[in-house]
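Student: Structure supplied as coords17.tsv; contents: TSV, C-alpha atoms and all ligand atoms.
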```tsv
chain	number	residue	atom	x	y	z
A	16	MET	CA	148.37	70.92	111.43
A	17	PRO	CA	148.20	74.02	109.22
A	18	LEU	CA	147.92	72.06	105.93
A	19	LEU	CA	145.09	69.84	107.16
A	20	SER	CA	143.12	72.73	108.64
A	21	SER	CA	143.46	74.79	105.48
A	22	LEU	CA	142.26	71.79	103.44
A	23	ARG	CA	139.29	71.48	105.75
A	24	ASN	CA	138.57	75.17	105.32
A	25	LEU	CA	138.27	74.71	101.56
A	26	GLY	CA	135.02	72.85	102.01
A	27	ARG	CA	133.61	75.12	104.63
A	28	LYS	CA	131.79	78.40	104.28
A	29	SER	CA	133.69	81.20	105.99
A	30	ALA	CA	132.07	82.75	109.06
A	31	PHE	CA	132.53	86.13	107.40
A	32	GLN	CA	129.63	87.06	105.19
A	33	ASP	CA	130.06	90.06	102.96
A	34	TRP	CA	127.31	92.63	103.22
A	35	PRO	CA	126.37	94.28	99.89
A	36	GLY	CA	124.92	97.48	101.39
A	37	LEU	CA	121.32	98.06	102.32
A	38	ILE	CA	119.87	98.68	98.85
A	39	GLU	CA	121.00	95.24	97.65
A	40	GLY	CA	120.37	93.68	101.07
A	41	TYR	CA	116.76	94.88	101.24
A	42	ARG	CA	116.08	95.62	97.57
A	43	ARG	CA	112.52	94.28	97.45
A	44	TRP	CA	111.47	96.62	100.27
A	45	LEU	CA	112.84	99.75	98.59
A	46	PRO	CA	111.65	101.98	95.71
A	47	VAL	CA	114.50	101.10	93.33
A	48	SER	CA	114.54	99.45	89.91
A	49	GLU	CA	117.17	98.00	87.54
A	50	ARG	CA	117.59	101.53	86.19
A	51	THR	CA	118.61	102.95	89.60
A	52	PRO	CA	122.36	103.49	89.82
A	53	VAL	CA	123.22	102.15	93.27
A	54	ILE	CA	125.56	104.56	95.04
A	55	THR	CA	126.79	102.59	98.04
A	56	LEU	CA	129.60	102.46	100.59
A	57	ARG	CA	128.20	99.17	101.96
A	58	GLU	CA	126.25	100.97	104.67
A	59	GLY	CA	123.88	99.16	107.05
A	60	GLY	CA	124.44	95.68	108.43
A	61	THR	CA	125.45	97.22	111.76
A	62	PRO	CA	125.70	95.17	114.96
A	63	LEU	CA	123.13	94.84	117.74
A	64	ILE	CA	125.34	94.77	120.84
A	65	PRO	CA	124.14	93.45	124.23
A	66	ALA	CA	124.48	96.08	126.98
A	67	PRO	CA	124.72	94.15	130.28
A	68	ALA	CA	125.91	97.14	132.34
A	69	VAL	CA	122.89	99.20	131.28
A	70	ALA	CA	120.58	96.20	131.81
A	71	GLU	CA	121.97	95.70	135.33
A	72	ARG	CA	120.97	99.25	136.21
A	73	ILE	CA	117.42	98.60	135.01
A	74	GLY	CA	117.13	95.16	136.67
A	75	ARG	CA	113.98	92.97	136.70
A	76	GLY	CA	115.24	90.78	133.86
A	77	VAL	CA	115.13	93.55	131.26
A	78	LYS	CA	117.35	92.84	128.25
A	79	VAL	CA	119.07	95.81	126.60
A	80	PHE	CA	120.70	95.98	123.16
A	81	LEU	CA	122.49	98.81	121.39
A	82	LYS	CA	121.88	99.26	117.66
A	83	TYR	CA	125.30	100.69	116.92
A	84	ASP	CA	124.76	102.73	113.76
A	85	GLY	CA	127.95	104.66	114.46
A	86	LEU	CA	129.65	101.84	112.53
A	87	ASN	CA	128.29	103.03	109.19
A	88	PRO	CA	130.80	104.24	106.55
A	89	THR	CA	130.64	107.92	107.57
A	90	GLY	CA	129.95	107.07	111.20
A	91	SER	CA	126.21	107.68	111.52
A	92	PHE	CA	122.76	106.35	110.55
A	93	LYS	CA	122.53	109.10	107.93
A	94	ASP	CA	124.32	106.80	105.48
A	95	ARG	CA	121.20	104.59	105.37
A	96	GLY	CA	119.13	107.47	104.07
A	97	MET	CA	121.84	108.94	101.91
A	98	THR	CA	122.53	105.80	99.83
A	99	MET	CA	118.87	105.97	98.78
A	100	ALA	CA	118.57	109.76	98.39
A	101	ILE	CA	121.73	110.05	96.30
A	102	SER	CA	121.00	106.97	94.17
A	103	LYS	CA	117.54	108.36	93.34
A	104	ALA	CA	118.90	111.86	92.70
A	105	LYS	CA	121.46	110.34	90.33
A	106	GLU	CA	118.73	108.31	88.62
A	107	ALA	CA	116.73	111.52	88.13
A	108	GLY	CA	119.73	113.19	86.48
A	109	SER	CA	120.53	115.63	89.27
A	110	SER	CA	124.07	117.02	89.38
A	111	ALA	CA	123.99	118.78	92.77
A	112	VAL	CA	122.48	118.22	96.21
A	113	ILE	CA	121.98	120.47	99.21
A	114	CYS	CA	121.21	120.01	102.90
A	115	ALA	CA	121.14	121.89	106.17
A	116	SER	CA	122.88	119.97	108.88
A	117	THR	CA	123.98	119.79	112.49
A	118	GLY	CA	126.89	117.76	111.07
A	119	ASN	CA	126.11	114.14	110.33
A	120	THR	CA	123.83	114.74	107.37
A	121	SER	CA	126.49	116.98	105.83
A	122	ALA	CA	129.16	114.28	106.20
A	123	ALA	CA	126.95	111.61	104.63
A	124	ALA	CA	125.64	113.87	101.86
A	125	ALA	CA	129.20	114.89	100.98
A	126	ALA	CA	130.53	111.33	100.83
A	127	TYR	CA	127.70	109.87	98.75
A	128	ALA	CA	127.27	112.88	96.46
A	129	ARG	CA	130.97	113.07	95.66
A	130	ARG	CA	131.07	109.32	95.05
A	131	ALA	CA	128.23	109.85	92.57
A	132	GLY	CA	130.12	112.69	90.90
A	133	MET	CA	127.72	115.34	92.14
A	134	ARG	CA	128.28	118.66	93.88
A	135	ALA	CA	127.37	118.74	97.58
A	136	PHE	CA	126.33	122.03	99.20
A	137	VAL	CA	125.98	121.91	102.97
A	138	LEU	CA	124.70	124.67	105.26
A	139	ILE	CA	125.82	124.36	108.86
A	140	PRO	CA	125.33	126.49	111.98
A	141	ASP	CA	128.69	128.23	112.31
A	142	GLY	CA	130.48	127.10	115.48
A	143	TYR	CA	127.99	124.37	116.44
A	144	VAL	CA	129.14	121.39	114.42
A	145	ALA	CA	131.41	118.81	116.11
A	146	GLN	CA	135.00	118.68	114.83
A	147	GLY	CA	134.88	115.23	113.28
A	148	LYS	CA	131.81	116.04	111.21
A	149	LEU	CA	133.24	119.29	109.88
A	150	ALA	CA	136.47	117.47	109.04
A	151	GLN	CA	134.47	114.89	107.07
A	152	ALA	CA	132.45	117.41	105.06
A	153	LEU	CA	135.64	119.23	104.09
A	154	LEU	CA	137.64	116.11	103.29
A	155	TYR	CA	134.87	114.49	101.24
A	156	GLY	CA	134.77	117.64	99.15
A	157	ALA	CA	131.54	119.38	100.07
A	158	GLU	CA	131.05	123.09	99.52
A	159	VAL	CA	130.51	124.18	103.11
A	160	LEU	CA	128.43	127.27	103.91
A	161	ALA	CA	128.62	128.12	107.61
A	162	VAL	CA	125.77	130.48	108.51
A	163	ARG	CA	125.48	132.77	111.53
A	164	GLY	CA	122.32	131.07	112.75
A	165	ASN	CA	120.97	127.74	113.93
A	166	PHE	CA	119.94	124.56	112.10
A	167	ASP	CA	116.31	125.62	111.80
A	168	GLN	CA	117.26	128.81	109.96
A	169	ALA	CA	119.60	126.87	107.69
A	170	LEU	CA	116.84	124.38	106.84
A	171	THR	CA	114.46	127.19	105.87
A	172	ILE	CA	117.07	128.52	103.44
A	173	VAL	CA	117.93	125.18	101.79
A	174	ARG	CA	114.25	124.34	101.26
A	175	GLU	CA	113.92	127.57	99.32
A	176	VAL	CA	117.15	127.02	97.38
A	177	ALA	CA	115.94	123.56	96.30
A	178	GLU	CA	112.61	125.03	95.17
A	179	ARG	CA	114.19	127.75	93.06
A	180	TYR	CA	117.34	126.18	91.67
A	181	PRO	CA	118.30	122.83	90.08
A	182	VAL	CA	119.59	121.29	93.32
A	183	THR	CA	118.14	118.22	95.08
A	184	LEU	CA	117.25	118.56	98.76
A	185	VAL	CA	118.62	115.62	100.79
A	186	ASN	CA	117.36	116.50	104.25
A	187	SER	CA	114.85	114.02	105.72
A	188	LEU	CA	112.04	115.88	103.93
A	189	ASN	CA	113.31	113.89	100.94
A	190	PRO	CA	111.13	110.74	101.17
A	191	TYR	CA	113.93	108.44	99.95
A	192	ARG	CA	115.90	109.26	103.10
A	193	LEU	CA	113.31	107.62	105.35
A	194	GLN	CA	112.98	104.67	102.95
A	195	GLY	CA	116.68	103.93	103.41
A	196	GLN	CA	116.60	104.51	107.15
A	197	LYS	CA	113.68	102.09	107.72
A	198	THR	CA	116.10	99.22	107.03
A	199	ALA	CA	117.55	99.68	110.52
A	200	ALA	CA	114.24	98.37	111.91
A	201	PHE	CA	114.46	95.36	109.54
A	202	GLU	CA	117.95	94.60	110.86
A	203	VAL	CA	116.80	94.81	114.48
A	204	VAL	CA	113.97	92.31	113.81
A	205	ASP	CA	116.26	90.08	111.73
A	206	ALA	CA	118.74	89.99	114.63
A	207	LEU	CA	116.24	89.44	117.49
A	208	GLY	CA	113.76	87.24	115.61
A	209	ASP	CA	110.99	89.67	116.56
A	210	ALA	CA	110.52	93.37	117.26
A	211	PRO	CA	111.68	94.59	120.70
A	212	ASP	CA	109.16	95.71	123.32
A	213	TRP	CA	110.67	99.19	123.47
A	214	LEU	CA	112.72	101.16	120.98
A	215	CYS	CA	114.58	104.09	122.58
A	216	ILE	CA	115.79	106.68	120.11
A	217	PRO	CA	117.07	110.28	120.12
A	218	MET	CA	115.00	112.81	118.19
A	219	GLY	CA	116.08	115.95	116.34
A	220	ASN	CA	114.04	116.42	113.17
A	221	ALA	CA	112.32	113.13	114.04
A	222	GLY	CA	113.05	111.56	110.67
A	223	ASN	CA	114.69	108.50	112.15
A	224	ILE	CA	111.90	107.60	114.59
A	225	SER	CA	109.44	107.90	111.69
A	226	ALA	CA	111.63	105.67	109.50
A	227	TYR	CA	112.00	102.98	112.20
A	228	TRP	CA	108.24	102.91	112.73
A	229	MET	CA	107.68	102.48	108.98
A	230	GLY	CA	110.16	99.58	108.98
A	231	PHE	CA	108.62	97.84	112.00
A	232	GLN	CA	105.13	98.18	110.49
A	233	GLU	CA	106.17	96.82	107.09
A	234	TYR	CA	107.82	93.77	108.67
A	235	ARG	CA	104.82	93.18	110.92
A	236	GLN	CA	102.41	93.41	107.97
A	237	ALA	CA	104.54	90.90	106.07
A	238	GLY	CA	104.36	88.51	109.03
A	239	LEU	CA	108.08	88.78	109.79
A	240	SER	CA	107.49	89.89	113.37
A	241	ARG	CA	104.76	89.16	115.90
A	242	LYS	CA	104.67	92.49	117.68
A	243	LEU	CA	105.35	96.20	117.31
A	244	PRO	CA	107.53	98.16	119.75
A	245	ARG	CA	106.51	101.14	121.83
A	246	MET	CA	108.44	104.02	120.31
A	247	MET	CA	110.23	105.95	123.06
A	248	GLY	CA	111.65	109.21	121.70
A	249	PHE	CA	114.07	111.40	123.64
A	250	GLN	CA	115.16	115.00	123.18
A	251	ALA	CA	117.69	117.12	125.03
A	252	SER	CA	115.86	119.28	127.58
A	253	GLY	CA	117.29	122.49	126.06
A	254	SER	CA	115.89	121.60	122.64
A	255	ALA	CA	112.76	119.56	123.23
A	256	PRO	CA	110.02	120.95	120.96
A	257	LEU	CA	108.32	117.56	120.59
A	258	VAL	CA	108.13	117.10	124.35
A	259	LEU	CA	107.03	120.67	125.06
A	260	GLY	CA	104.57	120.77	122.16
A	261	HIS	CA	105.93	123.97	120.67
A	262	THR	CA	108.87	125.32	118.68
A	263	VAL	CA	112.00	126.28	120.64
A	264	GLU	CA	113.51	129.51	119.29
A	265	GLN	CA	116.98	129.16	120.82
A	266	PRO	CA	117.70	125.43	121.13
A	267	ASP	CA	120.71	124.55	123.25
A	268	THR	CA	122.41	121.30	124.31
A	269	ILE	CA	125.81	119.63	124.52
A	270	ALA	CA	124.38	117.14	121.99
A	271	THR	CA	124.82	119.47	119.01
A	272	ALA	CA	123.48	116.82	116.58
A	273	ILE	CA	119.99	117.28	118.06
A	274	ARG	CA	120.20	121.03	118.68
A	275	ILE	CA	116.98	121.52	116.69
A	276	GLY	CA	114.02	123.67	117.76
A	277	ASN	CA	111.57	123.22	114.88
A	278	PRO	CA	111.52	119.57	113.77
A	279	ALA	CA	110.78	119.01	110.07
A	280	ASN	CA	108.92	115.73	110.75
A	281	ARG	CA	106.83	116.97	113.67
A	282	GLU	CA	103.47	115.60	112.42
A	283	LYS	CA	104.94	112.21	111.50
A	284	ALA	CA	106.54	111.91	114.95
A	285	LEU	CA	103.30	112.67	116.80
A	286	LYS	CA	101.57	110.00	114.73
A	287	VAL	CA	104.29	107.48	115.60
A	288	ARG	CA	103.87	108.22	119.28
A	289	SER	CA	100.10	107.68	119.26
A	290	GLU	CA	100.10	104.66	116.92
A	291	SER	CA	102.80	102.84	118.89
A	292	GLY	CA	101.57	103.77	122.36
A	293	GLY	CA	104.96	105.36	122.89
A	294	ALA	CA	106.12	108.43	124.79
A	295	PHE	CA	108.43	111.41	124.28
A	296	ASN	CA	110.57	112.65	127.14
A	297	ALA	CA	113.39	115.12	127.72
A	298	VAL	CA	116.79	114.24	129.17
A	299	THR	CA	119.14	116.84	130.64
A	300	ASP	CA	122.68	117.36	129.37
A	301	ALA	CA	123.86	115.92	132.72
A	302	GLU	CA	121.84	112.73	132.11
A	303	ILE	CA	123.20	112.53	128.55
A	304	VAL	CA	126.81	112.86	129.72
A	305	LYS	CA	126.27	110.25	132.45
A	306	ALA	CA	124.95	107.72	129.92
A	307	TYR	CA	127.71	108.65	127.44
A	308	LYS	CA	130.39	107.91	130.03
A	309	LEU	CA	128.64	104.71	131.17
A	310	LEU	CA	128.51	103.39	127.60
A	311	GLY	CA	132.18	104.14	127.05
A	312	SER	CA	133.63	102.98	130.33
A	313	GLN	CA	131.33	100.02	131.13
A	314	GLU	CA	130.17	98.74	127.74
A	315	GLY	CA	133.19	99.64	125.61
A	316	VAL	CA	130.93	101.47	123.17
A	317	PHE	CA	131.83	105.01	122.11
A	318	CYS	CA	128.89	107.00	120.77
A	319	GLU	CA	128.33	110.70	120.30
A	320	PRO	CA	126.38	112.62	122.97
A	321	ALA	CA	123.15	112.84	120.93
A	322	SER	CA	123.13	109.05	120.66
A	323	ALA	CA	123.59	108.63	124.41
A	324	ALA	CA	120.23	110.40	124.83
A	325	SER	CA	118.54	107.06	124.01
A	326	VAL	CA	120.28	105.30	126.89
A	327	ALA	CA	119.89	108.30	129.20
A	328	GLY	CA	116.17	108.14	128.44
A	329	LEU	CA	115.94	104.43	129.16
A	330	LEU	CA	117.71	104.89	132.50
A	331	GLN	CA	115.36	107.77	133.32
A	332	GLN	CA	112.32	105.63	132.50
A	333	ALA	CA	113.70	102.49	134.20
A	334	ASP	CA	110.78	102.17	136.61
A	335	VAL	CA	108.19	101.88	133.85
A	336	VAL	CA	110.00	99.31	131.68
A	337	PRO	CA	108.00	96.07	131.95
A	338	ALA	CA	109.85	93.22	133.73
A	339	GLY	CA	111.61	90.92	131.27
A	340	ALA	CA	111.18	93.36	128.37
A	341	THR	CA	113.57	93.51	125.43
A	342	VAL	CA	114.76	97.06	124.81
A	343	VAL	CA	116.79	98.37	121.88
A	344	CYS	CA	118.55	101.73	122.23
A	345	VAL	CA	119.62	103.29	118.94
A	346	LEU	CA	123.16	104.68	118.97
A	347	THR	CA	122.91	106.94	115.96
A	348	GLY	CA	126.48	108.22	115.68
A	349	ASN	CA	130.09	107.32	116.46
A	350	GLY	CA	131.87	108.86	119.43
A	351	LEU	CA	134.81	109.86	117.24
A	352	LYS	CA	132.54	112.47	115.64
A	353	ASP	CA	132.93	114.69	118.70
A	354	PRO	CA	136.36	114.19	120.31
A	355	THR	CA	136.10	117.51	122.16
A	356	CYS	CA	133.12	116.23	124.12
A	357	ALA	CA	134.98	113.07	125.17
A	358	ILE	CA	138.11	114.95	126.20
A	359	GLU	CA	136.04	117.35	128.30
A	360	ASN	CA	133.76	114.71	129.83
A	361	ASN	CA	135.43	111.63	131.26
A	362	ASP	CA	136.53	110.18	134.58
A	363	ALA	CA	139.80	108.81	133.28
A	364	ALA	CA	143.10	109.02	135.09
A	365	PHE	CA	145.25	111.15	132.81
A	366	HIS	CA	148.81	111.84	133.97
A	367	PRO	CA	150.45	114.51	131.84
A	368	ASP	CA	154.04	115.71	131.56
A	369	LEU	CA	155.86	112.65	132.95
A	370	ASN	CA	159.61	112.03	132.90
A	371	PRO	CA	160.31	109.29	130.34
A	372	ASP	CA	161.77	106.74	132.79
A	373	LEU	CA	160.76	103.47	134.45
A	374	ALA	CA	160.78	104.82	138.00
A	375	THR	CA	158.31	107.57	137.18
A	376	VAL	CA	155.96	105.23	135.29
A	377	ALA	CA	156.07	102.56	138.03
A	378	GLN	CA	155.39	105.17	140.68
A	379	VAL	CA	152.36	106.54	138.85
A	380	MET	CA	151.10	102.95	138.43
A	381	GLY	CA	151.30	102.52	142.18
A	382	PHE	CA	154.12	99.92	142.25
A	401	LIG	C1	123.84	111.40	115.90
A	401	LIG	O1	122.89	115.83	110.72
A	401	LIG	O2	119.74	116.49	111.88
A	401	LIG	O3	115.47	112.80	114.59
A	401	LIG	O4	121.63	117.53	110.31
A	401	LIG	O5	123.15	113.32	113.95
A	401	LIG	O6	116.15	111.88	112.39
A	401	LIG	O7	116.73	114.22	113.02
A	401	LIG	C2	121.24	114.92	112.75
A	401	LIG	C3	120.40	114.25	113.56
A	401	LIG	C4	120.21	111.70	116.24
A	401	LIG	C5	118.41	112.97	115.18
A	401	LIG	N1	121.49	111.34	116.41
A	401	LIG	O8	117.83	112.28	114.11
A	401	LIG	C6	121.85	116.47	110.89
A	401	LIG	C7	120.84	115.99	111.86
A	401	LIG	C8	122.46	111.87	115.66
A	401	LIG	C9	122.15	112.82	114.68
A	401	LIG	C10	119.85	112.65	115.30
A	401	LIG	C11	120.82	113.23	114.52
A	401	LIG	P1	116.47	112.82	113.48
```
Please lay out the structure from this file as structure tokens.

Tutor:
Amino acid sequence: MPLLSSLRNLGRKSAFQDWPGLIEGYRRWLPVSERTPVITLREGGTPLIPAPAVAERIGRGVKVFLKYDGLNPTGSFKDRGMTMAISKAKEAGSSAVICASTGNTSAAAAAYARRAGMRAFVLIPDGYVAQGKLAQALLYGAEVLAVRGNFDQALTIVREVAERYPVTLVNSLNPYRLQGQKTAAFEVVDALGDAPDWLCIPMGNAGNISAYWMGFQEYRQAGLSRKLPRMMGFQASGSAPLVLGHTVEQPDTIATAIRIGNPANREKALKVRSESGGAFNAVTDAEIVKAYKLLGSQEGVFCEPASAASVAGLLQQADVVPAGATVVCVLTGNGLKDPTCAIENNDAAFHPDLNPDLATVAQVMGF
């Protein structure tokens, strides 16, 4: 009876719990005070999704979860860092921010800076930013400077601009970015009840892997987890400076988000690898696309190609995953960021140009 059940509901807490955003959610772990104006779009609080189809391919009782950070407000993990970087820039009285970006940082910087009433300057490699990300930067109201060059060149320029002019740098060299991003590790431990055995993550500038490691260590030191994960970082084979051990002058990959040849957080990343007993490996564009399609068509999870590098890497390293291990793969960005990639890389049955009648449709369906 509707009346009775609604009366019962009055006394019961709803299953839906509102999430205040990661600064409020993890305030005591973050460098904020009562004076910090919290600029938030309620980022964080993203789901950890079981991935049985991936786990089946690994076998031996390995459990696989996807940390789906593509469900953040601007569709990537960058929102975690940007809520902190922009709140602290606002607190410091800054009125403009700048970043170089392969796309996602520019979208997040634009959204949070504009929400804070600040100007957002973004430098992007002309022609190498996925459609969705460019659309976001423009729509959020960034001032977009497309340079004839790659991300690494753009980063060199913005570092100098921020040194000379009154503009705050919000690339991951800004320490508040990593502070915000470490909360993803807290969420993983909060969801699993402990750290995973492996964390698989794509690397570009290697800010995110450094942030996760900081988060796992802080929780471990506070006694909130029993173990620390091995940090497994993956790069695209055409832009794998951290795997090769040297800068790549002309980085190239279908995963434009991680088309980076000179990672800003190189030293931090190498430290993470040795401290965690982890490993860095390269995955080919073909392996990335295979994992990307598997996630979409078997798991129902649409991520961007750079994110699929984490799952491609796990599948590549399947033989060395310990039996029964718990593995978390970080899906850093939403698949809708790069619709071109999806349209060009799928095994779907697409039947164009049909007559609009029942007979035609039934025939195509095989009836
Ligand atoms: C989806 O937006 O560098 O290793 O300028 O967008 O912390 O650099 C993006 C990086 C992984 C790599 N996945 O993270 C930018 C940018 C996605 C990304 C990475 C990026 P980092």

Student: Can you work out which one of A:Gly118, A:Gly108, A:Pro266, A:Gly339 has the shortest atom-to-atom distance to Ala70 of chain A, counting all atoms listed in the file?

Tutor: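 Of A:Gly118, A:Gly108, A:Pro266, A:Gly339, the one nearest Ala70 of chain A, counting all atoms listed in the file, is A:Gly339.
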
Student: I need the residue nearest Asn361 of chain A from this list: A:Val159, A:Val79, A:Leu309, A:Val263. Use all atoms listed in the file for the distance.

Tutor: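 Counting all atoms listed in the file, the residue closest to Asn361 of chain A is A:Leu309.
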
Student: Residues within 12 Å of Val173 of chain A, please, as a VMD selection string. Count only C-alpha atoms; anything in the same chain fewer than 4 positions from it doesn't count.

Tutor: chain A and resid 112 to 116 136 to 139 160 162 166 to 169 177 to 186 188

Student: Could you tell me which of A:Asn189, A:Thr55, A:Asn119, A:Thr341 comes closest to ligand LIG 401 (chain A) if we count all atoms listed in the file?

Tutor: A:Asn119

Student: Please measure the separation of atom CA of Ala125 of chain A and atom CA of Lys148 of chain A, giving the value in Å to one decimal.

Tutor: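 One can read the atom CA of Ala125 of chain A to atom CA of Lys148 of chain A distance as 10.6 Å.
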
Student: Which is closer to Asn223 of chain A than all the others in A:Gly90, A:Gly96, A:Gly328, A:Gly238, using all atoms listed in the file?

Tutor: A:Gly96

Student: Select all residues near (114.8, 105.1, 135.2) (cut-off 12 Å, inclusive, file coordinates), counting only C-alpha atoms, and output them as a list in words.

Tutor: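 All residues meeting the 12 Å criterion around (114.8, 105.1, 135.2) are Val69, Ala70, Glu71, Arg72, Ile73, Gly74, Asn296, Val298, Glu302, Ala306, Ser325, Val326, Ala327, Gly328, Leu329, Leu330, Gln331, Gln332, Ala333, Asp334, Val335, Val336 and Pro337 of chain A.
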
Student: Could you tell me how far atom CA of Ala377 of chain A lies from atom CA of Pro354 of chain A, in Å and to one decimal?

Tutor: 28.9 Å

Student: Can you list every residue of chain A that has an atom at most 8 Å from ligand LIG 401 (chain A), with its nearest atom pair and the distance in Å to one decimal, using all atoms listed in the file, ordered by chain then number, as a tab-separated table?

Tutor:
```
residue	atom	partner	partner_atom	distance
A:Ser91	CA	A:LIG401	C1	6.2
A:Phe92	CA	A:LIG401	C1	7.4
A:Lys93	CA	A:LIG401	O1	7.3
A:Cys114	CA	A:LIG401	O4	7.8
A:Ala115	CA	A:LIG401	O4	6.0
A:Ser116	CA	A:LIG401	O4	3.1
A:Thr117	CA	A:LIG401	O4	3.9
A:Gly118	CA	A:LIG401	O1	4.5
A:Asn119	CA	A:LIG401	O1	3.7
A:Thr120	CA	A:LIG401	O1	3.6
A:Ser121	CA	A:LIG401	O1	6.2
A:Ala122	CA	A:LIG401	O1	7.9
A:Phe166	CA	A:LIG401	O4	7.4
A:Asn186	CA	A:LIG401	O4	7.5
A:Ser187	CA	A:LIG401	O6	7.1
A:Ile216	CA	A:LIG401	C4	7.7
A:Pro217	CA	A:LIG401	C4	5.2
A:Met218	CA	A:LIG401	O3	3.6
A:Gly219	CA	A:LIG401	O3	3.7
A:Asn220	CA	A:LIG401	O7	3.5
A:Ala221	CA	A:LIG401	O3	3.2
A:Gly222	CA	A:LIG401	O6	3.6
A:Asn223	CA	A:LIG401	O6	3.7
A:Ile224	CA	A:LIG401	O3	6.3
A:Ser225	CA	A:LIG401	O6	7.8
A:Ala272	CA	A:LIG401	O5	4.4
A:Ile273	CA	A:LIG401	C10	5.4
A:Ile275	CA	A:LIG401	O2	7.5
A:Pro278	CA	A:LIG401	O7	7.5
A:Glu319	CA	A:LIG401	C1	6.3
A:Pro320	CA	A:LIG401	C1	7.6
A:Ala321	CA	A:LIG401	N1	5.0
A:Ser322	CA	A:LIG401	N1	5.1
A:Leu346	CA	A:LIG401	N1	7.3
A:Thr347	CA	A:LIG401	C1	4.6
A:Gly348	CA	A:LIG401	C1	4.1
A:Asn349	CA	A:LIG401	C1	7.5
```

Student: Of the candidates A:Ala210, A:Leu351, A:Met246, A:Ala364, which one gets nearest to Met380 of chain A if we count all atoms listed in the file?

Tutor: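 Checking each candidate against Met380 of chain A, we get A:Ala364 as the closest.
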
Student: Name the closest residue to Leu239 of chain A among the candidates A:Ser254, A:Leu207, A:Tyr83, A:Ala226; distances are taken between atoms, counting all atoms listed in the file.

Tutor: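 Checking each candidate against Leu239 of chain A, we get A:Leu207 as the closest.
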
Student: Figure out the distance between atom CA of Met229 of chain A and atom CA of Arg245 of chain A, please, to one decimal in Å.

Tutor: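 Those two atoms sit 13.0 Å apart.
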
Student: Which residues come within 10 Å of Arg235 of chain A, counting only C-alpha atoms, excluding same-chain residues fewer than 4 positions away, as a compact mmCIF listing (two decimals) with C-alpha atoms, in the frame of the given file?

Tutor:
```txt
# COMPACT_ATOMS: atom_id res chain seq x y z
CA PHE A 201 114.46 95.36 109.54
CA VAL A 204 113.97 92.31 113.81
CA ASP A 209 110.99 89.67 116.56
CA ALA A 210 110.52 93.37 117.26
CA MET A 229 107.68 102.48 108.98
CA GLY A 230 110.16 99.58 108.98
CA PHE A 231 108.62 97.84 112.00
CA LEU A 239 108.08 88.78 109.79
CA SER A 240 107.49 89.89 113.37
CA ARG A 241 104.76 89.16 115.90
CA LYS A 242 104.67 92.49 117.68
CA LEU A 243 105.35 96.20 117.31
```

Student: Any idea what's packed within 12 Å of Ala107 of chain A, counting all atoms listed in the file, ignoring anything in its chain fewer than 3 positions away? Could you give it as a list of chain:residue names?

Tutor: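 Skipping anything fewer than 3 positions along the chain leaves A:Val47, A:Arg50, A:Thr51, A:Pro52, A:Ala100, A:Ile101, A:Ser102, A:Lys103, A:Ala104, A:Ser110, A:Ala111, A:Val112, A:Pro181, A:Val182, A:Thr183.
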
Student: Write out, as a short mmCIF file (atom, residue, chain, number, x, y, z; two decimals), keeping the file's coordinate frame, the residues just selected, with C-alpha atoms.

Tutor:
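Final output, saved to selection_39.cif:
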```
data_model
loop_
_atom_site.label_atom_id
_atom_site.label_comp_id
_atom_site.auth_asym_id
_atom_site.auth_seq_id
_atom_site.Cartn_x
_atom_site.Cartn_y
_atom_site.Cartn_z
CA VAL A 47 114.50 101.10 93.33
CA ARG A 50 117.59 101.53 86.19
CA THR A 51 118.61 102.95 89.60
CA PRO A 52 122.36 103.49 89.82
CA ALA A 100 118.57 109.76 98.39
CA ILE A 101 121.73 110.05 96.30
CA SER A 102 121.00 106.97 94.17
CA LYS A 103 117.54 108.36 93.34
CA ALA A 104 118.90 111.86 92.70
CA SER A 110 124.07 117.02 89.38
CA ALA A 111 123.99 118.78 92.77
CA VAL A 112 122.48 118.22 96.21
CA PRO A 181 118.30 122.83 90.08
CA VAL A 182 119.59 121.29 93.32
CA THR A 183 118.14 118.22 95.08
#
```

Student: Place a sphere of radius 9 Å on (122.3, 96.4, 99.9) in the file coordinates and name every protein, DNA or RNA residue with an atom inside or on its surface, counting all atoms listed in the file; give the answer as a tab-separated table (two decimals) with C-alpha atoms, in the coordinates of the input.

Tutor:
```
chain	number	residue	atom	x	y	z
A	34	TRP	CA	127.31	92.63	103.22
A	35	PRO	CA	126.37	94.28	99.89
A	36	GLY	CA	124.92	97.48	101.39
A	37	LEU	CA	121.32	98.06	102.32
A	38	ILE	CA	119.87	98.68	98.85
A	39	GLU	CA	121.00	95.24	97.65
A	40	GLY	CA	120.37	93.68	101.07
A	41	TYR	CA	116.76	94.88	101.24
A	42	ARG	CA	116.08	95.62	97.57
A	53	VAL	CA	123.22	102.15	93.27
A	55	THR	CA	126.79	102.59	98.04
A	57	ARG	CA	128.20	99.17	101.96
A	58	GLU	CA	126.25	100.97	104.67
A	59	GLY	CA	123.88	99.16	107.05
A	60	GLY	CA	124.44	95.68	108.43
```
